[in-house]
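*Asks:* My structure file data_26.cif, mmCIF, C-alpha atoms, is below:
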```cif
data_protein
loop_
_atom_site.label_atom_id
_atom_site.label_comp_id
_atom_site.auth_asym_id
_atom_site.auth_seq_id
_atom_site.Cartn_x
_atom_site.Cartn_y
_atom_site.Cartn_z
CA MET K 55 -22.39 30.44 0.69
CA THR K 56 -21.46 31.51 -2.80
CA GLY K 57 -21.63 35.26 -2.22
CA ALA K 58 -21.41 37.09 -5.55
CA GLN K 59 -23.60 36.13 -8.52
CA GLU K 60 -22.14 33.09 -10.29
CA PRO K 61 -21.82 32.96 -14.09
CA PRO K 62 -24.25 30.73 -15.97
CA GLY K 63 -23.40 27.15 -16.84
CA PRO K 64 -21.89 26.09 -20.16
CA GLY K 65 -23.83 26.04 -23.39
CA ARG K 66 -25.30 22.82 -24.68
CA ASP K 67 -23.11 22.83 -27.77
CA ARG K 68 -19.86 21.98 -25.99
CA ARG K 69 -18.27 18.66 -26.82
CA ARG K 70 -18.71 15.71 -24.48
CA VAL K 71 -15.50 14.49 -22.82
CA MET K 72 -14.91 10.78 -22.35
CA VAL K 73 -12.27 8.94 -20.30
CA THR K 74 -10.87 6.13 -22.45
CA GLY K 75 -7.80 5.05 -20.49
CA TYR K 76 -5.92 5.51 -17.25
CA GLY K 77 -2.72 4.45 -15.57
CA ALA K 78 -1.29 4.78 -12.08
CA VAL K 79 1.86 4.34 -10.05
CA THR K 80 1.15 4.51 -6.31
CA PRO K 81 2.35 3.20 -2.95
CA LEU K 82 -0.20 0.42 -3.49
CA GLY K 83 1.02 -0.75 -6.90
CA HIS K 84 2.51 0.10 -10.26
CA SER K 85 -0.75 -0.02 -12.24
CA VAL K 86 -4.42 0.79 -11.87
CA GLU K 87 -5.22 -2.90 -11.44
CA GLU K 88 -2.69 -3.37 -8.62
CA THR K 89 -3.73 -0.14 -6.92
CA TRP K 90 -7.44 -0.90 -7.17
CA LYS K 91 -7.09 -4.44 -5.82
CA ALA K 92 -5.13 -3.10 -2.84
CA MET K 93 -7.77 -0.44 -2.20
CA LEU K 94 -10.60 -2.97 -2.22
CA ALA K 95 -8.58 -5.17 0.14
CA GLY K 96 -8.12 -2.22 2.50
CA ARG K 97 -4.34 -2.43 2.35
CA SER K 98 -2.25 0.54 3.51
CA GLY K 99 0.72 1.75 1.48
CA VAL K 100 2.07 3.79 4.38
CA ASP K 101 5.21 2.56 6.10
CA THR K 102 8.47 3.72 7.64
CA VAL K 103 10.41 5.63 5.00
CA ALA K 104 13.25 3.48 3.71
CA ALA K 105 14.64 5.28 0.65
CA ILE K 106 16.14 8.22 2.54
CA ASP K 107 17.83 8.82 5.88
CA VAL K 108 15.12 9.90 8.32
CA THR K 109 17.39 10.10 11.35
CA GLY K 110 16.46 13.07 13.48
CA LEU K 111 13.21 13.82 11.64
CA GLY K 112 10.08 14.22 13.69
CA VAL K 113 8.12 12.37 10.99
CA ARG K 114 9.61 9.14 9.64
CA ILE K 115 6.67 7.60 7.79
CA GLY K 116 5.33 8.07 4.29
CA GLY K 117 3.74 6.45 1.27
CA GLN K 118 6.59 5.41 -1.00
CA VAL K 119 6.50 3.84 -4.44
CA ARG K 120 8.50 0.67 -3.80
CA GLY K 121 10.18 -1.63 -6.31
CA PHE K 122 9.61 0.66 -9.28
CA ASP K 123 11.89 -0.27 -12.20
CA PRO K 124 12.07 2.57 -14.74
CA ALA K 125 13.68 0.22 -17.28
CA ARG K 126 10.24 -1.35 -17.79
CA TYR K 127 8.92 1.93 -19.15
CA MET K 128 11.74 3.99 -20.62
CA PRO K 129 15.24 3.79 -22.06
CA THR K 130 18.21 4.41 -19.78
CA PRO K 131 18.98 7.94 -21.06
CA VAL K 132 15.46 9.01 -20.06
CA SER K 133 15.54 7.39 -16.62
CA ARG K 134 18.96 8.93 -15.93
CA ARG K 135 17.78 12.45 -16.61
CA ALA K 136 14.18 12.24 -15.36
CA ASP K 137 13.22 12.90 -11.76
CA PRO K 138 11.17 10.08 -10.18
CA TYR K 139 8.03 12.21 -10.39
CA ALA K 140 8.44 12.39 -14.18
CA GLN K 141 9.26 8.67 -14.36
CA TYR K 142 6.05 7.84 -12.51
CA ALA K 143 4.04 10.15 -14.78
CA LEU K 144 5.51 8.63 -17.93
CA ALA K 145 4.82 5.09 -16.72
CA ALA K 146 1.21 6.02 -15.91
CA ALA K 147 0.79 7.72 -19.30
CA LEU K 148 2.02 4.63 -21.13
CA GLU K 149 -0.48 2.47 -19.26
CA ALA K 150 -3.29 4.93 -19.99
CA GLY K 151 -2.41 5.18 -23.66
CA ALA K 152 -2.26 1.41 -24.03
CA GLN K 153 -5.71 0.96 -22.45
CA ALA K 154 -7.13 3.65 -24.72
CA GLY K 155 -5.56 2.03 -27.80
CA LEU K 156 -4.00 5.39 -28.53
CA VAL K 157 -1.81 5.47 -31.64
CA ILE K 158 -0.62 8.97 -32.41
CA ASP K 159 0.14 9.42 -36.10
CA ASP K 160 1.10 12.56 -38.00
CA GLU K 161 -2.52 13.50 -38.57
CA LEU K 162 -3.63 13.09 -34.97
CA ALA K 163 -0.49 14.44 -33.23
CA PRO K 164 -1.30 18.20 -33.51
CA ARG K 165 -4.67 17.55 -31.84
CA VAL K 166 -3.26 15.68 -28.83
CA ALA K 167 -2.26 17.69 -25.74
CA VAL K 168 -0.64 16.94 -22.39
CA VAL K 169 -1.39 18.60 -19.02
CA ILE K 170 0.34 17.21 -15.92
CA GLY K 171 -0.15 18.72 -12.47
CA SER K 172 2.37 18.67 -9.65
CA GLY K 173 2.52 20.39 -6.32
CA TYR K 174 6.25 20.03 -5.78
CA GLY K 175 7.69 18.95 -9.13
CA PRO K 176 11.18 17.41 -9.46
CA VAL K 177 12.29 18.33 -5.94
CA GLY K 178 14.61 15.35 -5.57
CA SER K 179 16.57 16.42 -8.65
CA ILE K 180 16.69 20.00 -7.43
CA TYR K 181 18.08 18.98 -4.05
CA ARG K 182 20.64 16.68 -5.68
CA ALA K 183 21.79 19.39 -8.09
CA ALA K 184 22.22 21.89 -5.27
CA ASN K 185 24.27 19.40 -3.26
CA LEU K 186 26.36 18.50 -6.30
CA LEU K 187 27.12 22.14 -7.00
CA ARG K 188 28.15 22.64 -3.39
CA ASP K 189 30.30 19.51 -3.21
CA ARG K 190 31.86 19.28 -6.68
CA GLY K 191 31.47 22.66 -8.31
CA PRO K 192 29.75 23.95 -11.45
CA ARG K 193 31.42 21.60 -13.94
CA ALA K 194 29.64 18.66 -12.31
CA ILE K 195 26.21 20.02 -13.25
CA SER K 196 24.56 18.29 -16.22
CA PRO K 197 23.52 20.46 -19.16
CA TYR K 198 20.08 18.83 -18.84
CA THR K 199 19.65 20.18 -15.30
CA GLN K 200 17.74 23.29 -16.32
CA VAL K 201 15.06 21.22 -18.03
CA THR K 202 14.91 18.14 -15.80
CA THR K 203 14.51 20.27 -12.67
CA ALA K 204 11.60 22.21 -14.20
CA MET K 205 7.96 21.74 -13.28
CA ASP K 206 7.04 20.91 -16.90
CA SER K 207 9.53 18.04 -17.24
CA ALA K 208 6.87 15.33 -16.74
CA ALA K 209 4.65 16.81 -19.46
CA GLY K 210 7.68 17.17 -21.71
CA GLU K 211 8.78 13.55 -21.26
CA ILE K 212 5.27 12.30 -22.04
CA SER K 213 4.94 14.52 -25.09
CA MET K 214 8.30 13.47 -26.51
CA ARG K 215 7.76 9.76 -25.84
CA LEU K 216 4.26 9.63 -27.35
CA GLY K 217 4.81 12.19 -30.08
CA THR K 218 2.04 14.62 -29.11
CA GLN K 219 2.22 17.97 -30.90
CA GLY K 220 -0.66 19.85 -29.29
CA PRO K 221 -0.14 22.05 -26.22
CA SER K 222 1.86 20.49 -23.39
CA ARG K 223 2.08 22.20 -20.04
CA ALA K 224 2.40 21.92 -16.28
CA GLN K 225 -0.25 22.78 -13.71
CA SER K 226 0.69 23.64 -10.15
CA THR K 227 -1.95 24.33 -7.51
CA ALA K 228 -0.58 22.38 -4.54
CA CYS K 229 -2.80 19.43 -3.58
CA ALA K 230 -5.37 20.40 -6.24
CA SER K 231 -2.85 20.17 -9.09
CA GLY K 232 -3.96 16.82 -10.49
CA ALA K 233 -7.65 17.73 -10.43
CA ASP K 234 -6.97 21.14 -11.97
CA ALA K 235 -4.91 19.51 -14.74
CA ILE K 236 -7.83 17.21 -15.52
CA GLY K 237 -10.21 20.17 -15.51
CA ALA K 238 -7.90 22.09 -17.84
CA GLY K 239 -7.78 19.16 -20.23
CA MET K 240 -11.55 18.86 -20.13
CA ARG K 241 -11.87 22.53 -21.08
CA MET K 242 -9.36 22.13 -23.94
CA ILE K 243 -11.51 19.41 -25.48
CA SER K 244 -14.91 20.94 -24.82
CA HIS K 245 -13.76 24.26 -26.30
CA GLY K 246 -12.12 22.68 -29.34
CA GLU K 247 -8.47 23.38 -28.52
CA ALA K 248 -7.63 19.67 -28.63
CA ASP K 249 -9.30 16.36 -29.47
CA ILE K 250 -7.38 14.18 -27.00
CA VAL K 251 -5.56 15.24 -23.82
CA LEU K 252 -3.38 13.16 -21.52
CA VAL K 253 -4.03 14.62 -18.09
CA GLY K 254 -3.14 13.85 -14.50
CA GLY K 255 -0.74 14.52 -11.69
CA ALA K 256 2.55 13.36 -10.25
CA ASP K 257 4.74 14.01 -7.24
CA ALA K 258 7.75 12.40 -5.54
CA CYS K 259 8.18 14.52 -2.46
CA VAL K 260 8.91 11.98 0.26
CA THR K 261 12.19 13.76 0.96
CA ALA K 262 13.91 14.84 4.16
CA VAL K 263 13.31 18.51 3.34
CA ASP K 264 9.60 18.05 2.68
CA LEU K 265 9.02 15.77 5.66
CA ALA K 266 10.82 18.29 7.87
CA GLY K 267 8.98 21.31 6.49
CA SER K 268 5.48 19.86 6.55
CA GLY K 269 6.21 18.23 9.89
CA ASN K 270 7.32 21.54 11.38
CA ALA K 271 4.11 23.09 10.06
CA GLY K 272 2.17 20.58 12.18
CA ALA K 273 0.48 19.14 9.08
CA LEU K 274 1.80 15.56 9.24
CA SER K 275 0.80 12.63 11.40
CA ARG K 276 3.46 11.66 13.92
CA ARG K 277 2.32 8.08 14.45
CA ASN K 278 5.79 6.82 13.56
CA ASP K 279 5.33 3.57 15.47
CA GLU K 280 2.07 2.62 13.74
CA PRO K 281 2.37 3.82 10.12
CA ALA K 282 -0.58 1.85 8.73
CA SER K 283 -2.83 3.56 11.29
CA ALA K 284 -1.43 7.04 10.79
CA CYS K 285 -3.76 8.41 8.12
CA ARG K 286 -7.19 8.66 9.77
CA PRO K 287 -9.59 10.68 7.60
CA PHE K 288 -12.77 11.77 9.34
CA ASP K 289 -11.74 10.01 12.56
CA ALA K 290 -11.99 11.87 15.86
CA HIS K 291 -8.38 10.95 16.70
CA ARG K 292 -6.74 12.09 13.44
CA ASP K 293 -3.51 14.05 13.81
CA GLY K 294 -2.35 14.94 10.29
CA PHE K 295 -1.80 13.70 6.77
CA VAL K 296 0.88 11.33 5.49
CA MET K 297 3.29 12.54 2.81
CA SER K 298 3.19 10.23 -0.19
CA GLU K 299 4.21 9.95 -3.84
CA GLY K 300 2.96 8.57 -7.13
CA ALA K 301 1.21 9.49 -10.35
CA ALA K 302 -1.93 8.91 -12.38
CA VAL K 303 -2.64 9.87 -15.98
CA LEU K 304 -5.96 9.66 -17.83
CA VAL K 305 -6.75 9.84 -21.54
CA LEU K 306 -9.57 12.30 -22.18
CA GLU K 307 -11.06 12.62 -25.63
CA ALA K 308 -14.01 14.15 -27.41
CA ALA K 309 -16.85 11.66 -27.63
CA GLU K 310 -16.97 11.74 -31.41
CA VAL K 311 -13.22 11.16 -31.64
CA ALA K 312 -13.39 8.18 -29.29
CA GLU K 313 -16.27 6.74 -31.31
CA ARG K 314 -14.38 7.21 -34.56
CA ARG K 315 -11.30 5.49 -33.12
CA GLY K 316 -13.37 2.65 -31.70
CA ALA K 317 -12.14 3.47 -28.19
CA VAL K 318 -14.13 2.16 -25.24
CA ALA K 319 -15.42 4.91 -22.95
CA LEU K 320 -14.83 4.16 -19.27
CA ALA K 321 -16.74 7.18 -18.00
CA GLU K 322 -17.79 10.68 -18.99
CA LEU K 323 -16.24 13.72 -17.33
CA ILE K 324 -19.15 16.11 -16.97
CA GLY K 325 -18.15 18.80 -14.47
CA TYR K 326 -15.25 20.82 -13.11
CA GLY K 327 -15.18 23.69 -10.66
CA ALA K 328 -12.33 25.59 -9.04
CA SER K 329 -11.88 28.43 -6.56
CA SER K 330 -9.48 30.04 -4.10
CA ASP K 331 -10.03 30.63 -0.40
CA ALA K 332 -7.90 33.80 -0.23
CA HIS K 333 -7.56 33.03 3.46
CA HIS K 334 -4.40 31.26 4.67
CA TRP K 335 -1.42 29.34 3.28
CA THR K 336 -2.07 26.07 5.11
CA ALA K 337 -5.52 26.32 6.72
CA PRO K 338 -8.84 26.12 4.85
CA HIS K 339 -11.37 28.88 5.21
CA PRO K 340 -13.14 28.14 8.52
CA GLN K 341 -16.56 28.21 6.87
CA GLY K 342 -15.35 26.39 3.77
CA ARG K 343 -16.50 29.18 1.45
CA GLY K 344 -13.98 28.46 -1.30
CA ALA K 345 -14.58 24.72 -1.18
CA CYS K 346 -18.34 25.28 -1.35
CA ARG K 347 -17.91 27.48 -4.41
CA ALA K 348 -15.82 24.84 -6.14
CA VAL K 349 -18.31 22.03 -5.44
CA GLU K 350 -21.25 24.18 -6.52
CA ALA K 351 -19.41 25.26 -9.68
CA ALA K 352 -18.63 21.64 -10.58
CA LEU K 353 -22.25 20.58 -10.09
CA ARG K 354 -23.50 23.55 -12.13
CA ASP K 355 -20.98 22.78 -14.86
CA ALA K 356 -22.28 19.20 -14.94
CA GLY K 357 -25.88 20.39 -15.12
CA ILE K 358 -26.87 18.48 -11.97
CA THR K 359 -27.60 19.14 -8.30
CA GLY K 360 -26.34 17.60 -5.10
CA ALA K 361 -29.33 15.27 -5.14
CA ASP K 362 -27.85 13.50 -8.17
CA VAL K 363 -24.52 12.56 -6.53
CA ASP K 364 -24.16 8.86 -5.68
CA TYR K 365 -20.61 8.75 -4.29
CA VAL K 366 -18.04 11.21 -2.98
CA ASN K 367 -14.34 10.51 -3.07
CA ALA K 368 -13.46 13.07 -0.44
CA HIS K 369 -10.25 15.05 -0.11
CA GLY K 370 -10.15 13.56 3.39
CA THR K 371 -6.55 14.18 4.43
CA GLY K 372 -6.78 13.22 8.10
CA THR K 373 -5.95 16.74 9.30
CA LEU K 374 -8.02 18.37 12.02
CA LEU K 375 -9.13 21.35 9.94
CA ASN K 376 -9.66 19.83 6.49
CA ASP K 377 -11.86 16.96 7.57
CA ALA K 378 -14.12 19.08 9.75
CA THR K 379 -14.43 21.74 7.05
CA GLU K 380 -15.01 19.26 4.24
CA THR K 381 -17.73 17.52 6.23
CA ALA K 382 -19.50 20.84 6.74
CA VAL K 383 -19.12 21.67 3.03
CA LEU K 384 -20.66 18.36 1.97
CA ARG K 385 -23.57 18.87 4.34
CA GLU K 386 -24.04 22.42 3.02
CA VAL K 387 -23.98 21.55 -0.68
CA LEU K 388 -25.45 18.05 -0.75
CA GLY K 389 -27.89 18.47 2.11
CA GLU K 390 -29.48 15.30 3.44
CA ARG K 391 -28.22 13.43 0.38
CA VAL K 392 -24.80 13.18 2.05
CA THR K 393 -26.25 10.93 4.75
CA ARG K 394 -27.61 8.48 2.16
CA ILE K 395 -24.55 7.91 -0.03
CA PRO K 396 -21.02 6.56 0.57
CA VAL K 397 -18.26 9.11 1.24
CA SER K 398 -14.75 7.68 1.44
CA SER K 399 -11.14 8.81 1.48
CA THR K 400 -8.65 6.63 -0.38
CA LYS K 401 -5.84 8.73 1.13
CA SER K 402 -6.30 6.49 4.18
CA MET K 403 -4.53 3.83 2.09
CA THR K 404 -2.30 5.76 -0.31
CA GLY K 405 -1.33 8.65 1.91
CA HIS K 406 -1.46 12.12 0.37
CA MET K 407 0.20 12.06 -3.05
CA ILE K 408 -0.10 15.87 -3.31
CA GLY K 409 -0.30 16.70 -7.05
CA ALA K 410 -1.10 13.11 -7.95
CA ALA K 411 -3.90 12.80 -5.40
CA GLY K 412 -6.75 14.27 -7.46
CA ALA K 413 -5.88 12.13 -10.48
CA VAL K 414 -5.58 8.87 -8.54
CA GLU K 415 -8.82 9.65 -6.73
CA LEU K 416 -10.69 10.31 -9.97
CA VAL K 417 -9.49 6.92 -11.23
CA ALA K 418 -10.81 5.36 -8.01
CA SER K 419 -14.11 7.19 -8.47
CA ILE K 420 -14.49 5.84 -12.00
CA GLN K 421 -13.64 2.33 -10.83
CA ALA K 422 -16.34 2.64 -8.17
CA LEU K 423 -18.91 3.66 -10.79
CA ARG K 424 -17.90 0.80 -13.08
CA THR K 425 -17.92 -1.92 -10.42
CA GLY K 426 -20.23 -0.69 -7.67
CA ASP K 427 -17.44 -1.33 -5.18
CA VAL K 428 -16.64 1.65 -2.98
CA PRO K 429 -13.15 1.61 -1.45
CA PRO K 430 -13.00 2.09 2.31
CA THR K 431 -11.73 4.76 4.65
CA LEU K 432 -9.21 2.98 6.83
CA ASN K 433 -8.74 3.89 10.49
CA CYS K 434 -12.09 5.66 10.74
CA ASP K 435 -12.83 4.18 14.16
CA GLU K 436 -14.80 7.09 15.60
CA PRO K 437 -16.39 9.11 12.76
CA ILE K 438 -16.61 12.84 13.35
CA ASP K 439 -20.12 12.78 11.83
CA PRO K 440 -21.86 9.49 12.71
CA ASP K 441 -24.72 10.17 10.27
CA ILE K 442 -22.40 10.02 7.24
CA ASN K 443 -21.31 6.68 5.78
CA PHE K 444 -17.55 7.16 5.55
CA VAL K 445 -17.21 3.51 4.42
CA PRO K 446 -15.13 2.63 7.49
CA HIS K 447 -12.58 -0.17 7.35
CA HIS K 448 -14.07 -2.33 4.58
CA THR K 449 -15.15 -2.02 0.95
CA GLN K 450 -18.90 -1.67 0.41
CA HIS K 451 -20.87 -2.64 -2.69
CA HIS K 452 -23.52 -0.20 -3.89
CA GLU K 453 -25.73 -0.91 -6.88
CA GLY K 454 -26.72 1.82 -9.32
CA LEU K 455 -23.88 4.29 -8.82
CA ARG K 456 -24.14 6.79 -11.66
CA ILE K 457 -22.42 10.02 -10.63
CA ALA K 458 -19.34 10.59 -8.46
CA LEU K 459 -17.86 13.74 -7.00
CA SER K 460 -14.10 13.97 -6.39
CA ASN K 461 -12.77 16.76 -4.16
CA SER K 462 -9.25 18.22 -4.05
CA PHE K 463 -8.40 21.07 -1.67
CA GLY K 464 -4.84 22.34 -1.37
CA PHE K 465 -2.46 24.55 0.56
CA GLY K 466 -2.73 28.16 -0.55
CA GLY K 467 -6.51 27.85 -0.66
CA HIS K 468 -6.68 26.03 -4.01
CA ASN K 469 -9.91 24.08 -4.52
CA ALA K 470 -10.76 21.83 -7.47
CA VAL K 471 -13.72 19.49 -7.86
CA LEU K 472 -14.51 17.00 -10.63
CA VAL K 473 -17.77 15.28 -11.52
CA VAL K 474 -17.80 12.03 -13.48
CA ARG K 475 -20.69 9.97 -14.82
CA ALA K 476 -20.97 6.26 -15.58
CA VAL K 477 -21.46 5.24 -19.23
#
```
With the file now loaded, output its structure as structure tokens.

*Replies:*
Amino acid sequence: MTGAQEPPGPGRDRRRVMVTGYGAVTPLGHSVEETWKAMLAGRSGVDTVAAIDVTGLGVRIGGQVRGFDPARYMPTPVSRRADPYAQYALAAALEAGAQAGLVIDDELAPRVAVVIGSGYGPVGSIYRAANLLRDRGPRAISPYTQVTTAMDSAAGEISMRLGTQGPSRAQSTACASGADAIGAGMRMISHGEADIVLVGGADACVTAVDLAGSGNAGALSRRNDEPASACRPFDAHRDGFVMSEGAAVLVLEAAEVAERRGAVALAELIGYGASSDAHHWTAPHPQGRGACRAVEAALRDAGITGADVDYVNAHGTGTLLNDATETAVLREVLGERVTRIPVSSTKSMTGHMIGAAGAVELVASIQALRTGDVPPTLNCDEPIDPDINFVPHHTQHHEGLRIALSNSFGFGGHNAVLVVRAV
């Protein structure tokens, strides 16, 4: 399915990339520990949207970050200017840095980079600024507006708070943004551009505008009366994804740098592949050609084959087209192996966090490798492929998990795939 001749894999002299810390803010909790415990318990973070007025909207459910107190993570001037998506990203970065024991001094700072992906960026701040301009005029607009309503504001807040002086940038590829940001950070380290990179994704797009737009596109589940059952990846009765919000940030570093610092490696990031469908704004290619290319590229980059994969954290949105296409892609690339390993979608619990999804799902993949516990796919009552173990309803324990594949496929035909190995 790859078509044109693919370039050869990377040379053996590239630097190994280790994950030494991660943090998360999700509808399931305000840390990796809280989120992971909720996943293993099979708890849904989807509910009726409470933070905004949903009167008149066709879709009134979502995955919201509830009870988040920015004062725990940042001073008031920062929380006042920062959009929630940037607040979530900063909180996750602080958790990740603390786990990694990351202390950025003057010597290290120029070698530390930040890459944060987001599909929507600070949309809440943009909408508020537009309304303020309309209602109160130009003098009511803060002089910080032009920076706090920019896509790179999360990366900027993290860089300024932690004192990183390497490259800091935003990555935006719709639902693949978080995974692409992680892949970009991996490349920066393996190619010598940085020694340590804080990478991940964030979004806070449970807004009336975004619920209305995605709802009108027919992409969202309309199970307003049963929110916990709304996201149904790989189930025959799925009817759309659930808009959600959150963030996850990981600390990536060159293996020799982590060893020198005495940092504990949680996993090794060994592969990344990306592609574009060039087909449609909201629908995947019907034969999954772009997704296949991305999976194959990630496996080739990792120097492995589909036979080596032990777990797949699927994109698994609960939409009619994605789930059918992704299932076909996994069968095409992994062959019979896909019927002998667990394949689950944690979106069934978190909802679809858009730019944050790929980062949160890589964290879940690493946790599965470390513990052997595979989080379930909720609401998968009637699997669309009965020969595949979609880990329905309940967590499963699998011994000997070594390599996990994490898929992210986005609107606009963006595809990004990560491969991680246990250490």

*Asks:* For a test of reading the model, state the distance in Å between CA of Val474 in chain K and CA of Arg292 in chain K, rounded to one decimal.

*Replies:*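 It comes out at 29.1 Å.
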
*Asks:* Apply the PyMOL selection byres ((chain K and resi 110-120) around 10) to the file shown and report the selected residues as a CSV table (one decimal) with C-alpha atoms, keeping the file's coordinate frame.

*Replies:*
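Output saved as expr20.csv:
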```csv
chain,number,residue,atom,x,y,z
K,79,VAL,CA,1.9,4.3,-10.0
K,80,THR,CA,1.2,4.5,-6.3
K,81,PRO,CA,2.4,3.2,-3.0
K,82,LEU,CA,-0.2,0.4,-3.5
K,83,GLY,CA,1.0,-0.8,-6.9
K,84,HIS,CA,2.5,0.1,-10.3
K,98,SER,CA,-2.2,0.5,3.5
K,99,GLY,CA,0.7,1.8,1.5
K,100,VAL,CA,2.1,3.8,4.4
K,101,ASP,CA,5.2,2.6,6.1
K,102,THR,CA,8.5,3.7,7.6
K,103,VAL,CA,10.4,5.6,5.0
K,104,ALA,CA,13.2,3.5,3.7
K,105,ALA,CA,14.6,5.3,0.6
K,106,ILE,CA,16.1,8.2,2.5
K,107,ASP,CA,17.8,8.8,5.9
K,108,VAL,CA,15.1,9.9,8.3
K,109,THR,CA,17.4,10.1,11.4
K,121,GLY,CA,10.2,-1.6,-6.3
K,122,PHE,CA,9.6,0.7,-9.3
K,123,ASP,CA,11.9,-0.3,-12.2
K,138,PRO,CA,11.2,10.1,-10.2
K,142,TYR,CA,6.0,7.8,-12.5
K,258,ALA,CA,7.8,12.4,-5.5
K,259,CYS,CA,8.2,14.5,-2.5
K,260,VAL,CA,8.9,12.0,0.3
K,261,THR,CA,12.2,13.8,1.0
K,262,ALA,CA,13.9,14.8,4.2
K,263,VAL,CA,13.3,18.5,3.3
K,265,LEU,CA,9.0,15.8,5.7
K,266,ALA,CA,10.8,18.3,7.9
K,268,SER,CA,5.5,19.9,6.6
K,269,GLY,CA,6.2,18.2,9.9
K,270,ASN,CA,7.3,21.5,11.4
K,274,LEU,CA,1.8,15.6,9.2
K,275,SER,CA,0.8,12.6,11.4
K,276,ARG,CA,3.5,11.7,13.9
K,277,ARG,CA,2.3,8.1,14.4
K,278,ASN,CA,5.8,6.8,13.6
K,279,ASP,CA,5.3,3.6,15.5
K,280,GLU,CA,2.1,2.6,13.7
K,281,PRO,CA,2.4,3.8,10.1
K,282,ALA,CA,-0.6,1.8,8.7
K,284,ALA,CA,-1.4,7.0,10.8
K,285,CYS,CA,-3.8,8.4,8.1
K,295,PHE,CA,-1.8,13.7,6.8
K,296,VAL,CA,0.9,11.3,5.5
K,297,MET,CA,3.3,12.5,2.8
K,298,SER,CA,3.2,10.2,-0.2
K,299,GLU,CA,4.2,10.0,-3.8
K,300,GLY,CA,3.0,8.6,-7.1
K,301,ALA,CA,1.2,9.5,-10.4
K,401,LYS,CA,-5.8,8.7,1.1
K,403,MET,CA,-4.5,3.8,2.1
K,404,THR,CA,-2.3,5.8,-0.3
K,405,GLY,CA,-1.3,8.6,1.9
K,406,HIS,CA,-1.5,12.1,0.4
K,407,MET,CA,0.2,12.1,-3.0
```

*Asks:* Sorted by chain and rising residue number, list the residues of range 244-284 of chain K at most 12 Å from range 224-234 of chain K (counting all atoms listed in the file), each with its closest atom pair and distance in Å to one decimal, as JSON lines.

*Replies:*
```
{"residue": "K:Leu252", "atom": "CA", "partner": "K:Gly232", "partner_atom": "CA", "distance": 11.6}
{"residue": "K:Val253", "atom": "CA", "partner": "K:Gly232", "partner_atom": "CA", "distance": 7.9}
{"residue": "K:Gly254", "atom": "CA", "partner": "K:Gly232", "partner_atom": "CA", "distance": 5.1}
{"residue": "K:Gly255", "atom": "CA", "partner": "K:Gly232", "partner_atom": "CA", "distance": 4.1}
{"residue": "K:Ala256", "atom": "CA", "partner": "K:Gly232", "partner_atom": "CA", "distance": 7.4}
{"residue": "K:Asp257", "atom": "CA", "partner": "K:Gly232", "partner_atom": "CA", "distance": 9.7}
{"residue": "K:Cys259", "atom": "CA", "partner": "K:Ala228", "partner_atom": "CA", "distance": 12.0}
```

*Asks:* Check what the PyMOL selection byres ((chain K and resi 149) around 12) selects in the file above and give those residues as a PDB file with C-alpha atoms, in the frame of the given file.

*Replies:*
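Result went into expr-v8.pdb, see below:
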```pdb
ATOM      1  CA  THR K  74     -10.870   6.130 -22.450  1.00  0.00           C
ATOM      2  CA  GLY K  75      -7.800   5.050 -20.490  1.00  0.00           C
ATOM      3  CA  TYR K  76      -5.920   5.510 -17.250  1.00  0.00           C
ATOM      4  CA  GLY K  77      -2.720   4.450 -15.570  1.00  0.00           C
ATOM      5  CA  ALA K  78      -1.290   4.780 -12.080  1.00  0.00           C
ATOM      6  CA  VAL K  79       1.860   4.340 -10.050  1.00  0.00           C
ATOM      7  CA  HIS K  84       2.510   0.100 -10.260  1.00  0.00           C
ATOM      8  CA  SER K  85      -0.750  -0.020 -12.240  1.00  0.00           C
ATOM      9  CA  VAL K  86      -4.420   0.790 -11.870  1.00  0.00           C
ATOM     10  CA  GLU K  87      -5.220  -2.900 -11.440  1.00  0.00           C
ATOM     11  CA  ARG K 126      10.240  -1.350 -17.790  1.00  0.00           C
ATOM     12  CA  TYR K 127       8.920   1.930 -19.150  1.00  0.00           C
ATOM     13  CA  TYR K 142       6.050   7.840 -12.510  1.00  0.00           C
ATOM     14  CA  ALA K 143       4.040  10.150 -14.780  1.00  0.00           C
ATOM     15  CA  LEU K 144       5.510   8.630 -17.930  1.00  0.00           C
ATOM     16  CA  ALA K 145       4.820   5.090 -16.720  1.00  0.00           C
ATOM     17  CA  ALA K 146       1.210   6.020 -15.910  1.00  0.00           C
ATOM     18  CA  ALA K 147       0.790   7.720 -19.300  1.00  0.00           C
ATOM     19  CA  LEU K 148       2.020   4.630 -21.130  1.00  0.00           C
ATOM     20  CA  ALA K 150      -3.290   4.930 -19.990  1.00  0.00           C
ATOM     21  CA  GLY K 151      -2.410   5.180 -23.660  1.00  0.00           C
ATOM     22  CA  ALA K 152      -2.260   1.410 -24.030  1.00  0.00           C
ATOM     23  CA  GLN K 153      -5.710   0.960 -22.450  1.00  0.00           C
ATOM     24  CA  ALA K 154      -7.130   3.650 -24.720  1.00  0.00           C
ATOM     25  CA  GLY K 155      -5.560   2.030 -27.800  1.00  0.00           C
ATOM     26  CA  LEU K 156      -4.000   5.390 -28.530  1.00  0.00           C
ATOM     27  CA  ILE K 212       5.270  12.300 -22.040  1.00  0.00           C
ATOM     28  CA  LEU K 216       4.260   9.630 -27.350  1.00  0.00           C
ATOM     29  CA  LEU K 252      -3.380  13.160 -21.520  1.00  0.00           C
ATOM     30  CA  ALA K 301       1.210   9.490 -10.350  1.00  0.00           C
ATOM     31  CA  ALA K 302      -1.930   8.910 -12.380  1.00  0.00           C
ATOM     32  CA  VAL K 303      -2.640   9.870 -15.980  1.00  0.00           C
ATOM     33  CA  LEU K 304      -5.960   9.660 -17.830  1.00  0.00           C
ATOM     34  CA  VAL K 305      -6.750   9.840 -21.540  1.00  0.00           C
TER      35      VAL K 305
END
```
